[in-house]
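Reproduced below: entry_17.cif, with mmCIF, C-alpha atoms.
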```
data_model
loop_
_atom_site.label_atom_id
_atom_site.label_comp_id
_atom_site.auth_asym_id
_atom_site.auth_seq_id
_atom_site.Cartn_x
_atom_site.Cartn_y
_atom_site.Cartn_z
CA MET A 1 5.58 -3.36 -35.17
CA ASN A 2 5.95 -0.17 -37.22
CA ASP A 3 9.10 -0.32 -39.31
CA PRO A 4 11.09 2.91 -39.58
CA ILE A 5 10.75 4.70 -42.91
CA PRO A 6 14.13 4.45 -44.63
CA PHE A 7 16.07 7.48 -45.78
CA ARG A 8 16.42 7.98 -49.51
CA PRO A 9 19.37 6.59 -51.43
CA ALA A 10 21.67 9.19 -53.00
CA GLN A 11 20.68 10.74 -56.31
CA PRO A 12 22.98 9.39 -59.04
CA GLY A 13 26.05 11.59 -59.50
CA SER A 14 25.39 13.70 -56.43
CA GLN A 15 27.91 11.99 -54.12
CA PRO A 16 31.63 11.18 -54.44
CA ASP A 17 32.88 7.64 -54.93
CA ASN A 18 35.17 6.53 -52.10
CA ASN A 19 37.39 5.14 -54.86
CA SER A 20 38.47 8.38 -56.53
CA PRO A 21 42.05 7.93 -57.83
CA GLN A 22 42.57 11.64 -58.51
CA TYR A 23 42.50 12.03 -54.70
CA ARG A 24 45.48 9.81 -53.97
CA SER A 25 44.75 8.99 -50.33
CA THR A 26 41.63 7.05 -51.38
CA GLY A 27 43.86 4.37 -52.93
CA ALA A 28 44.38 2.13 -49.90
CA ARG A 29 41.39 3.40 -47.95
CA HIS A 30 38.36 2.40 -50.01
CA PRO A 31 36.69 -1.00 -49.60
CA LYS A 32 36.94 -3.21 -52.68
CA GLN A 33 34.13 -5.55 -51.70
CA PRO A 34 30.60 -4.40 -52.55
CA LEU A 35 28.75 -2.72 -49.70
CA LEU A 36 26.17 -4.89 -47.98
CA ALA A 37 22.69 -3.85 -49.10
CA TRP A 38 20.62 -3.36 -45.98
CA PRO A 39 17.25 -1.69 -45.35
CA HIS A 40 17.38 0.89 -42.56
CA THR A 41 16.34 -0.33 -39.14
CA VAL A 42 16.05 1.52 -35.85
CA THR A 43 19.87 1.48 -35.74
CA GLU A 44 20.21 3.58 -38.89
CA ALA A 45 16.93 5.51 -38.75
CA THR A 46 17.52 6.97 -35.30
CA GLY A 47 20.52 8.98 -34.20
CA PRO A 48 22.02 11.16 -31.52
CA HIS A 49 20.29 14.25 -30.22
CA PHE A 50 22.59 17.00 -29.01
CA THR A 51 21.63 19.79 -26.65
CA PRO A 52 23.38 23.14 -26.19
CA ALA A 53 23.52 22.35 -22.46
CA GLN A 54 25.84 19.38 -23.07
CA PHE A 55 27.48 20.59 -26.29
CA ALA A 56 28.10 24.29 -25.74
CA PRO A 57 27.73 26.50 -28.82
CA MET A 58 30.83 28.33 -30.13
CA VAL A 59 29.43 30.83 -32.61
CA ASP A 60 32.24 33.37 -32.83
CA LEU A 61 35.54 31.97 -34.11
CA SER A 62 36.88 35.45 -34.84
CA THR A 63 38.02 36.16 -31.29
CA ALA A 64 39.80 34.19 -28.59
CA GLY A 65 40.04 35.44 -25.03
CA GLY A 66 38.58 38.75 -26.16
CA LYS A 67 41.35 39.27 -28.74
CA LEU A 68 40.70 39.56 -32.46
CA ALA A 69 42.03 36.91 -34.81
CA MET A 70 43.98 38.06 -37.86
CA GLY A 71 42.28 38.08 -41.25
CA GLU A 72 39.02 39.00 -42.87
CA ARG A 73 36.06 38.60 -40.52
CA ILE A 74 33.00 37.03 -42.18
CA ILE A 75 29.47 36.01 -41.22
CA VAL A 76 28.22 32.65 -42.47
CA ARG A 77 24.48 32.08 -42.43
CA GLY A 78 22.33 29.40 -43.96
CA ARG A 79 19.48 27.00 -43.61
CA VAL A 80 19.47 23.25 -43.08
CA THR A 81 16.57 21.44 -44.73
CA ASP A 82 15.87 17.89 -45.85
CA GLU A 83 15.26 16.72 -49.40
CA ASP A 84 11.57 17.49 -48.97
CA ASP A 85 12.49 21.11 -48.15
CA ARG A 86 11.48 20.75 -44.53
CA PRO A 87 13.63 22.61 -42.02
CA VAL A 88 15.93 20.51 -39.84
CA ALA A 89 15.38 22.22 -36.50
CA ASN A 90 17.69 22.27 -33.46
CA THR A 91 20.36 20.17 -35.10
CA MET A 92 24.02 20.57 -34.21
CA ILE A 93 26.52 21.79 -36.80
CA GLU A 94 30.25 21.53 -36.14
CA VAL A 95 32.70 23.56 -38.25
CA TRP A 96 36.48 23.68 -38.37
CA GLN A 97 38.96 25.44 -40.61
CA ALA A 98 42.44 26.82 -41.29
CA ASN A 99 43.28 30.35 -40.22
CA ALA A 100 43.63 33.33 -42.55
CA ALA A 101 47.18 32.27 -43.40
CA GLY A 102 46.09 28.79 -44.45
CA ARG A 103 47.35 27.00 -41.34
CA TYR A 104 45.37 24.68 -39.05
CA ASN A 105 45.89 24.88 -35.31
CA HIS A 106 46.85 21.19 -35.47
CA PRO A 107 50.15 19.42 -34.77
CA GLY A 108 49.85 17.54 -38.07
CA ASP A 109 49.83 20.74 -40.11
CA GLN A 110 53.44 21.68 -40.87
CA HIS A 111 52.71 24.27 -43.58
CA ASP A 112 55.17 27.17 -43.24
CA ALA A 113 52.55 29.80 -42.47
CA ALA A 114 51.79 31.75 -39.32
CA LEU A 115 49.73 30.31 -36.48
CA ASP A 116 47.38 32.80 -34.86
CA PRO A 117 47.13 32.61 -31.05
CA ASN A 118 43.70 34.22 -31.30
CA PHE A 119 42.27 31.66 -33.69
CA THR A 120 41.50 28.05 -32.79
CA GLY A 121 39.36 27.25 -35.83
CA GLU A 122 36.60 25.29 -34.08
CA GLY A 123 32.92 26.27 -34.08
CA ARG A 124 29.63 24.70 -33.02
CA VAL A 125 26.16 26.08 -33.73
CA PHE A 126 22.59 24.80 -33.51
CA THR A 127 19.88 25.46 -36.08
CA ASP A 128 16.77 27.32 -34.88
CA ALA A 129 13.19 26.07 -35.15
CA ASP A 130 13.14 26.96 -38.84
CA GLY A 131 16.52 25.41 -39.70
CA TRP A 132 18.58 28.62 -39.76
CA TYR A 133 22.11 28.88 -38.36
CA GLN A 134 24.74 31.62 -38.24
CA TYR A 135 28.28 32.02 -37.00
CA VAL A 136 31.13 34.51 -37.30
CA THR A 137 34.61 33.53 -38.36
CA ILE A 138 37.71 34.52 -40.34
CA LYS A 139 37.94 33.73 -44.03
CA PRO A 140 40.27 30.71 -44.24
CA GLY A 141 43.38 30.83 -46.41
CA ALA A 142 44.41 28.40 -49.12
CA TYR A 143 47.19 25.92 -48.33
CA PRO A 144 49.39 23.45 -50.20
CA TRP A 145 49.00 19.68 -49.87
CA GLY A 146 50.86 16.67 -51.16
CA ASN A 147 48.36 15.16 -53.58
CA HIS A 148 50.26 16.19 -56.72
CA ALA A 149 52.81 18.80 -57.84
CA ASN A 150 51.83 22.33 -56.78
CA ALA A 151 48.54 21.17 -55.28
CA TRP A 152 46.61 23.76 -53.23
CA ARG A 153 43.32 23.37 -51.45
CA PRO A 154 40.78 26.10 -52.19
CA ASN A 155 39.53 28.15 -49.23
CA HIS A 156 37.07 25.99 -47.32
CA ILE A 157 35.30 25.46 -44.01
CA HIS A 158 34.65 21.87 -42.89
CA TYR A 159 31.09 20.99 -41.81
CA SER A 160 29.70 18.14 -39.72
CA LEU A 161 25.93 17.61 -39.44
CA PHE A 162 23.77 14.91 -37.90
CA GLY A 163 20.08 15.32 -38.76
CA ALA A 164 17.36 12.89 -37.74
CA GLY A 165 19.15 9.55 -37.96
CA PHE A 166 22.62 8.04 -38.05
CA ALA A 167 21.98 7.50 -41.78
CA THR A 168 21.67 11.26 -42.32
CA ARG A 169 25.16 11.93 -40.96
CA LEU A 170 27.00 14.36 -43.26
CA ILE A 171 30.60 15.54 -43.40
CA THR A 172 31.27 18.13 -46.08
CA GLN A 173 33.15 21.32 -46.95
CA MET A 174 31.88 24.80 -47.77
CA TYR A 175 33.79 26.66 -50.48
CA PHE A 176 33.88 30.32 -51.51
CA PRO A 177 32.62 31.90 -54.74
CA GLY A 178 35.15 32.92 -57.38
CA ASP A 179 37.98 30.78 -56.01
CA PRO A 180 40.33 29.94 -58.93
CA LEU A 181 41.53 26.81 -57.10
CA LEU A 182 38.13 25.14 -57.32
CA ALA A 183 38.68 24.27 -60.98
CA LEU A 184 41.87 22.43 -59.99
CA ASP A 185 40.85 20.74 -56.74
CA PRO A 186 40.61 16.93 -56.95
CA ILE A 187 38.54 16.66 -53.76
CA PHE A 188 35.91 19.14 -54.99
CA HIS A 189 35.81 17.30 -58.31
CA THR A 190 35.14 13.91 -56.74
CA VAL A 191 31.49 15.00 -56.86
CA PRO A 192 30.51 13.93 -60.38
CA ASP A 193 27.51 16.21 -60.94
CA ALA A 194 28.38 19.86 -61.67
CA ALA A 195 25.20 21.17 -60.04
CA ALA A 196 25.97 19.17 -56.89
CA ARG A 197 29.48 20.67 -56.83
CA GLU A 198 28.06 24.18 -57.25
CA ARG A 199 25.91 23.67 -54.16
CA LEU A 200 29.10 23.27 -52.10
CA ILE A 201 30.04 26.87 -52.95
CA SER A 202 28.68 29.52 -50.62
CA LYS A 203 27.22 32.72 -52.07
CA PHE A 204 28.20 36.24 -51.18
CA ASP A 205 25.12 37.86 -49.64
CA LEU A 206 24.76 41.59 -49.04
CA ASP A 207 21.76 40.99 -46.77
CA ILE A 208 23.91 38.92 -44.42
CA THR A 209 26.74 41.45 -44.67
CA LYS A 210 26.82 43.73 -41.61
CA PRO A 211 27.65 47.35 -42.50
CA ASP A 212 31.05 48.57 -41.29
CA TRP A 213 31.77 45.14 -39.79
CA ALA A 214 31.89 41.96 -41.94
CA LEU A 215 30.95 40.43 -45.30
CA GLY A 216 28.24 37.78 -45.29
CA TYR A 217 28.10 34.40 -47.03
CA ARG A 218 25.10 32.13 -47.43
CA PHE A 219 25.53 28.35 -47.24
CA ASP A 220 22.53 26.04 -47.18
CA VAL A 221 22.76 22.34 -46.45
CA VAL A 222 20.32 19.61 -47.50
CA LEU A 223 20.18 16.39 -45.49
CA ARG A 224 18.60 13.17 -46.76
CA GLY A 225 14.83 12.94 -46.73
CA ARG A 226 12.77 9.85 -46.07
CA LEU A 227 11.27 7.62 -48.73
CA ALA A 228 7.62 8.43 -49.36
CA THR A 229 6.37 4.96 -48.51
CA PRO A 230 7.80 2.38 -46.17
CA MET A 231 9.67 -0.49 -47.80
CA GLU A 232 8.38 -3.97 -47.15
CA GLY A 233 10.17 -5.51 -44.21
CA MET B 1 12.32 18.25 -53.88
CA SER B 2 15.99 18.99 -53.27
CA VAL B 3 19.08 16.83 -53.54
CA ALA B 4 21.13 16.05 -50.44
CA THR B 5 24.40 17.97 -50.10
CA ALA B 6 27.50 16.12 -51.29
CA PHE B 7 29.99 14.63 -48.85
CA GLN B 8 33.59 15.83 -48.78
CA THR B 9 36.34 14.14 -46.80
CA ILE B 10 36.78 14.90 -43.10
CA GLY B 11 40.49 15.36 -43.90
CA PRO B 12 43.49 15.03 -41.57
CA TYR B 13 42.72 18.01 -39.32
CA TRP B 14 39.29 17.06 -37.95
CA HIS B 15 40.82 16.83 -34.45
CA LEU B 16 39.98 20.54 -34.13
CA ILE B 17 36.49 19.27 -33.22
CA GLU B 18 37.75 16.34 -31.17
CA HIS B 19 36.89 16.32 -27.48
CA PRO B 20 38.40 13.16 -25.99
CA GLU B 21 35.68 12.87 -23.35
CA GLN B 22 33.21 12.14 -26.14
CA ALA B 23 34.72 8.64 -26.40
CA ASP B 24 33.26 7.93 -22.94
CA LEU B 25 29.50 7.53 -23.32
CA THR B 26 29.14 6.99 -19.57
CA ARG B 27 30.47 10.46 -18.67
CA PHE B 28 27.04 11.93 -17.92
CA GLY B 29 26.36 9.20 -15.37
CA ALA B 30 24.88 6.34 -17.37
CA THR B 31 24.25 3.17 -15.46
CA GLY B 32 24.40 -0.30 -16.95
CA ASP B 33 26.78 -3.03 -17.89
CA ARG B 34 29.88 -0.95 -18.63
CA LEU B 35 32.33 -2.12 -21.30
CA THR B 36 35.23 -0.91 -23.40
CA LEU B 37 35.23 -1.32 -27.17
CA VAL B 38 38.69 -1.17 -28.74
CA GLY B 39 39.97 -1.88 -32.20
CA ARG B 40 42.73 -1.25 -34.68
CA ILE B 41 42.06 0.11 -38.14
CA VAL B 42 44.40 -0.73 -41.01
CA ASP B 43 44.31 0.16 -44.70
CA GLY B 44 44.84 -1.94 -47.83
CA ALA B 45 48.62 -1.87 -47.26
CA ARG B 46 48.12 -3.03 -43.64
CA ALA B 47 49.31 0.38 -42.45
CA PRO B 48 47.57 1.76 -39.36
CA VAL B 49 44.96 4.39 -40.12
CA ALA B 50 46.25 6.90 -37.60
CA ASP B 51 44.03 9.88 -38.41
CA ALA B 52 40.52 8.40 -38.44
CA CYS B 53 37.44 9.68 -36.70
CA VAL B 54 35.33 6.78 -35.42
CA GLU B 55 31.76 7.39 -34.33
CA LEU B 56 29.62 4.97 -32.39
CA TRP B 57 25.83 4.99 -32.17
CA GLN B 58 23.70 2.49 -30.29
CA ALA B 59 19.91 2.22 -30.43
CA SER B 60 19.95 0.43 -27.06
CA PRO B 61 19.78 1.38 -24.26
CA ASP B 62 17.71 4.43 -25.17
CA ALA B 63 19.49 7.77 -25.31
CA SER B 64 18.76 10.03 -22.35
CA PRO B 65 20.32 13.05 -20.65
CA LEU B 66 22.52 10.55 -18.78
CA PHE B 67 23.42 8.56 -21.88
CA PRO B 68 24.11 10.20 -25.28
CA ALA B 69 24.20 6.77 -27.02
CA TRP B 70 26.75 8.39 -29.35
CA GLY B 71 30.48 8.76 -29.07
CA ARG B 72 33.46 9.89 -31.11
CA ALA B 73 37.03 8.60 -30.84
CA ARG B 74 40.26 9.21 -32.71
CA THR B 75 42.62 6.51 -33.81
CA ASP B 76 46.12 6.81 -32.36
CA ALA B 77 49.49 6.36 -34.11
CA ASN B 78 48.91 2.60 -34.05
CA GLY B 79 45.44 2.91 -35.58
CA GLU B 80 43.70 2.06 -32.28
CA TYR B 81 40.41 3.56 -31.15
CA ARG B 82 38.69 3.11 -27.78
CA PHE B 83 35.18 3.74 -26.46
CA THR B 84 33.71 3.32 -23.01
CA THR B 85 29.98 2.67 -23.02
CA VAL B 86 27.30 0.32 -21.75
CA LYS B 87 26.26 -2.97 -23.28
CA PRO B 88 23.39 -2.69 -25.79
CA GLY B 89 20.47 -5.08 -25.72
CA PRO B 90 18.62 -6.53 -28.69
CA VAL B 91 16.54 -4.13 -30.81
CA PRO B 92 13.72 -4.76 -33.29
CA GLY B 93 14.58 -5.48 -36.90
CA ARG B 94 12.24 -4.97 -39.82
CA GLY B 95 9.04 -7.00 -39.76
CA ASN B 96 8.92 -9.40 -36.88
CA THR B 97 12.66 -9.87 -36.62
CA LEU B 98 14.95 -9.19 -33.69
CA GLN B 99 18.47 -7.80 -34.07
CA ALA B 100 21.24 -9.12 -31.85
CA PRO B 101 22.98 -6.54 -29.63
CA HIS B 102 25.32 -4.40 -31.73
CA PHE B 103 27.00 -1.03 -32.12
CA ALA B 104 26.79 1.04 -35.28
CA LEU B 105 30.23 2.33 -36.26
CA MET B 106 30.88 5.09 -38.79
CA LEU B 107 34.41 5.87 -39.96
CA PHE B 108 35.63 9.12 -41.43
CA ALA B 109 39.21 9.84 -42.47
CA ARG B 110 41.51 11.52 -44.92
CA GLY B 111 41.15 9.45 -48.09
CA VAL B 112 37.56 8.52 -47.24
CA LEU B 113 35.31 10.85 -49.21
CA THR B 114 32.02 9.90 -47.60
CA ARG B 115 31.84 7.52 -44.62
CA LEU B 116 32.33 3.83 -44.03
CA TYR B 117 29.55 2.20 -42.06
CA THR B 118 29.75 -1.10 -40.24
CA ARG B 119 28.49 -2.79 -37.09
CA ALA B 120 30.13 -4.50 -34.12
CA TYR B 121 28.26 -7.52 -32.72
CA PHE B 122 29.33 -9.56 -29.69
CA GLU B 123 30.91 -13.00 -29.96
CA GLY B 124 28.96 -15.68 -28.13
CA GLU B 125 25.62 -13.86 -28.27
CA ALA B 126 22.88 -16.43 -28.91
CA LEU B 127 20.83 -14.01 -30.99
CA ASN B 128 23.67 -13.68 -33.52
CA ALA B 129 22.45 -16.92 -35.11
CA THR B 130 19.16 -15.30 -36.13
CA ASP B 131 20.31 -11.71 -36.64
CA PRO B 132 18.95 -10.52 -40.01
CA LEU B 133 22.06 -8.55 -40.97
CA LEU B 134 24.58 -11.21 -40.00
CA ASN B 135 22.53 -13.74 -41.94
CA LEU B 136 22.89 -11.68 -45.12
CA VAL B 137 26.64 -12.34 -45.02
CA GLU B 138 26.97 -15.94 -46.16
CA ASN B 139 30.75 -16.26 -46.09
CA PRO B 140 31.71 -17.11 -42.47
CA GLN B 141 35.07 -15.31 -42.72
CA ARG B 142 33.33 -12.17 -43.93
CA ARG B 143 30.63 -12.47 -41.27
CA ALA B 144 33.31 -12.76 -38.60
CA THR B 145 34.56 -9.26 -39.47
CA LEU B 146 31.36 -7.89 -37.91
CA ILE B 147 31.84 -9.60 -34.54
CA ALA B 148 33.82 -8.15 -31.64
CA ARG B 149 35.77 -10.58 -29.45
CA PRO B 150 36.56 -10.52 -25.73
CA ASP B 151 39.94 -8.92 -25.06
CA GLY B 152 40.11 -8.83 -21.27
CA ALA B 153 37.58 -8.14 -18.55
CA ALA B 154 34.70 -6.14 -20.04
CA VAL B 155 36.86 -5.28 -23.05
CA TRP B 156 35.74 -6.13 -26.58
CA ARG B 157 37.94 -5.88 -29.65
CA MET B 158 36.64 -4.94 -33.08
CA ASP B 159 39.51 -4.57 -35.55
CA ILE B 160 38.70 -3.06 -38.92
CA VAL B 161 40.35 -3.65 -42.29
CA LEU B 162 39.47 -1.02 -44.87
CA GLN B 163 40.60 -2.97 -47.91
CA GLY B 164 41.98 -6.28 -49.16
CA GLU B 165 42.43 -9.59 -47.34
CA GLY B 166 40.16 -9.75 -44.32
CA GLU B 167 38.32 -6.62 -45.47
CA THR B 168 35.59 -5.67 -43.02
CA VAL B 169 32.02 -5.90 -44.26
CA PHE B 170 30.83 -2.34 -44.83
CA ILE B 171 27.14 -1.61 -45.08
CA ASP B 172 25.34 0.55 -47.62
CA VAL B 173 23.74 3.17 -45.43
#
```
Would you mind writing the file out in structure tokens?
Amino acid sequence: MNDPIPFRPAQPGSQPDNNSPQYRSTGARHPKQPLLAWPHTVTEATGPHFTPAQFAPMVDLSTAGGKLAMGERIIVRGRVTDEDDRPVANTMIEVWQANAAGRYNHPGDQHDAALDPNFTGEGRVFTDADGWYQYVTIKPGAYPWGNHANAWRPNHIHYSLFGAGFATRLITQMYFPGDPLLALDPIFHTVPDAAARERLISKFDLDITKPDWALGYRFDVVLRGRLATPMEG
Amino acid sequence: MSVATAFQTIGPYWHLIEHPEQADLTRFGATGDRLTLVGRIVDGARAPVADACVELWQASPDASPLFPAWGRARTDANGEYRFTTVKPGPVPGRGNTLQAPHFALMLFARGVLTRLYTRAYFEGEALNATDPLLNLVENPQRRATLIARPDGAAVWRMDIVLQGEGETVFIDV
């Protein structure tokens, strides 16, 4: 029986702690008992495989029914690799976001800002054989939230990725360069390591920018790699 | 070598990527012993977690075009989630061990910065006695948090407590 090669544990400081008091909602939602240490088995080392046939791509969020959404159109392009710098090919990425006014098309969002009938805020894209992905959207607006007095989330796009196994599952957020709210955002700052935080910020990229049409941003994602040698079973 | 990208919370508005049919893993025509897995998720104050995203993965039966082996469900206002799928069989563990039938469950929510990972086993399954993961949990009350119970015909209930008394065993993934 060949045991699956486990995925690597997180580098110290590179991941948030689920108990992060500065983000108030973590208070009653983080386990207090230690996590059960468990070597990856087939359950954790394998995971879902999505196909565009069953999970249709949605690569242009900037229009709905042929009508343009309000706001600044942008192109987001990047590469998904693992910790060994190997491309993660044909993997599904889901994105979702607020509109240009900082309002989600969601009944739970009661922020007094305009909804846009031409913007749903959902996207889905697959990486190519070399790990690259690209979609078109509208730059999301900032919005207030109830964490503390005068709290505002920086502009961000939510990301969901799967990778090779259930253990590589990743939910994260892409931020924008030069956003003054980043310095104040408790969620961004739950990542202890400054370099790890920086990697959540996309980069303006003139090569992705399409003349006379839209600015381009680059956002790369790294999924967990496998340990070099199998652990003893 | 690179470092894996940091998690950030799924937040309260993840339903923009919710497609309710994804909670039915039999929708592409899977055959097998069909069952419903339900459960209620509460937080450390025993309040329902009404905005969670629950994902299910099963290594058995094998994924195929007819069976994605993965599903996603929301919790409702009462904290309840619901999946329709087919019964998993045993799968190999590490070494020469055998794992009892189980689902892998991953929870994402506002207030959860990464993910919470647990498993749902089946009450009354003979292989539970020798399952390598269940046997790592010595306290019987804690171990019981990993075991779904019958809740009607072909319905299994796996309630989840995020924190405090009766806290579910979460697994370091």
Give me the residues within 7 Å of stretch 101-112 of chain B as a PyMOL selection string, counting all atoms listed in the file and dropping any in the same chain fewer than 5 places off. (chain A and resi 18+25-26+29-30+43) or (chain B and resi 9-12+51-58+88-91+117-122)
Convert the output of the PyMOL selection byres ((chain B and resi 43) around 7) on the shown file into explicit residues, formatted as JSON, numbers by chain. {"A": [28, 29], "B": [41, 42, 44, 45, 46, 47, 48, 49, 161, 162, 163]}
Could you list the residues in chain B lying within 6 Å of chain A, using only C-alpha atoms, and format the result as a PDB file with C-alpha atoms, keeping the file's coordinate frame?
```pdb
ATOM      1  CA  MET B   1      12.320  18.250 -53.880  1.00  0.00           C
ATOM      2  CA  SER B   2      15.990  18.990 -53.270  1.00  0.00           C
ATOM      3  CA  VAL B   3      19.080  16.830 -53.540  1.00  0.00           C
ATOM      4  CA  ALA B   4      21.130  16.050 -50.440  1.00  0.00           C
ATOM      5  CA  THR B   5      24.400  17.970 -50.100  1.00  0.00           C
ATOM      6  CA  ALA B   6      27.500  16.120 -51.290  1.00  0.00           C
ATOM      7  CA  PHE B   7      29.990  14.630 -48.850  1.00  0.00           C
ATOM      8  CA  GLN B   8      33.590  15.830 -48.780  1.00  0.00           C
ATOM      9  CA  LEU B  16      39.980  20.540 -34.130  1.00  0.00           C
ATOM     10  CA  ASP B  43      44.310   0.160 -44.700  1.00  0.00           C
ATOM     11  CA  GLY B  44      44.840  -1.940 -47.830  1.00  0.00           C
ATOM     12  CA  ALA B  59      19.910   2.220 -30.430  1.00  0.00           C
ATOM     13  CA  TRP B  70      26.750   8.390 -29.350  1.00  0.00           C
ATOM     14  CA  GLY B  93      14.580  -5.480 -36.900  1.00  0.00           C
ATOM     15  CA  ARG B  94      12.240  -4.970 -39.820  1.00  0.00           C
ATOM     16  CA  GLY B  95       9.040  -7.000 -39.760  1.00  0.00           C
ATOM     17  CA  GLY B 111      41.150   9.450 -48.090  1.00  0.00           C
ATOM     18  CA  VAL B 112      37.560   8.520 -47.240  1.00  0.00           C
ATOM     19  CA  LEU B 113      35.310  10.850 -49.210  1.00  0.00           C
ATOM     20  CA  LEU B 162      39.470  -1.020 -44.870  1.00  0.00           C
ATOM     21  CA  GLN B 163      40.600  -2.970 -47.910  1.00  0.00           C
ATOM     22  CA  PHE B 170      30.830  -2.340 -44.830  1.00  0.00           C
ATOM     23  CA  ILE B 171      27.140  -1.610 -45.080  1.00  0.00           C
ATOM     24  CA  ASP B 172      25.340   0.550 -47.620  1.00  0.00           C
ATOM     25  CA  VAL B 173      23.740   3.170 -45.430  1.00  0.00           C
TER      26      VAL B 173
END
```
Using the file's own x, y and z axes, so that the box edges lie along x, y and z, what centre and edge lengths in Å (one decimal) does a box around every listed atom of stretch 7-23 of chain A get when 5 Å is added on each side? Give it as AutoDock Vina command-line options.
```
--center_x 29.3 --center_y 9.4 --center_z -52.6 --size_x 36.5 --size_y 18.6 --size_z 23.7
```
Go through B:Arg149, B:Arg143, B:Arg82, B:His19 and flag the residue nearest B:Thr36, using only C-alpha atoms for the distances.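 So, comparing all the options, the nearest one is B:Arg82.
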Just say which residues the PyMOL selection byres ((chain A and resi 202) around 6) picks in this file, as a VMD selection string. chain A and resid 175 to 176 201 203 218 to 219
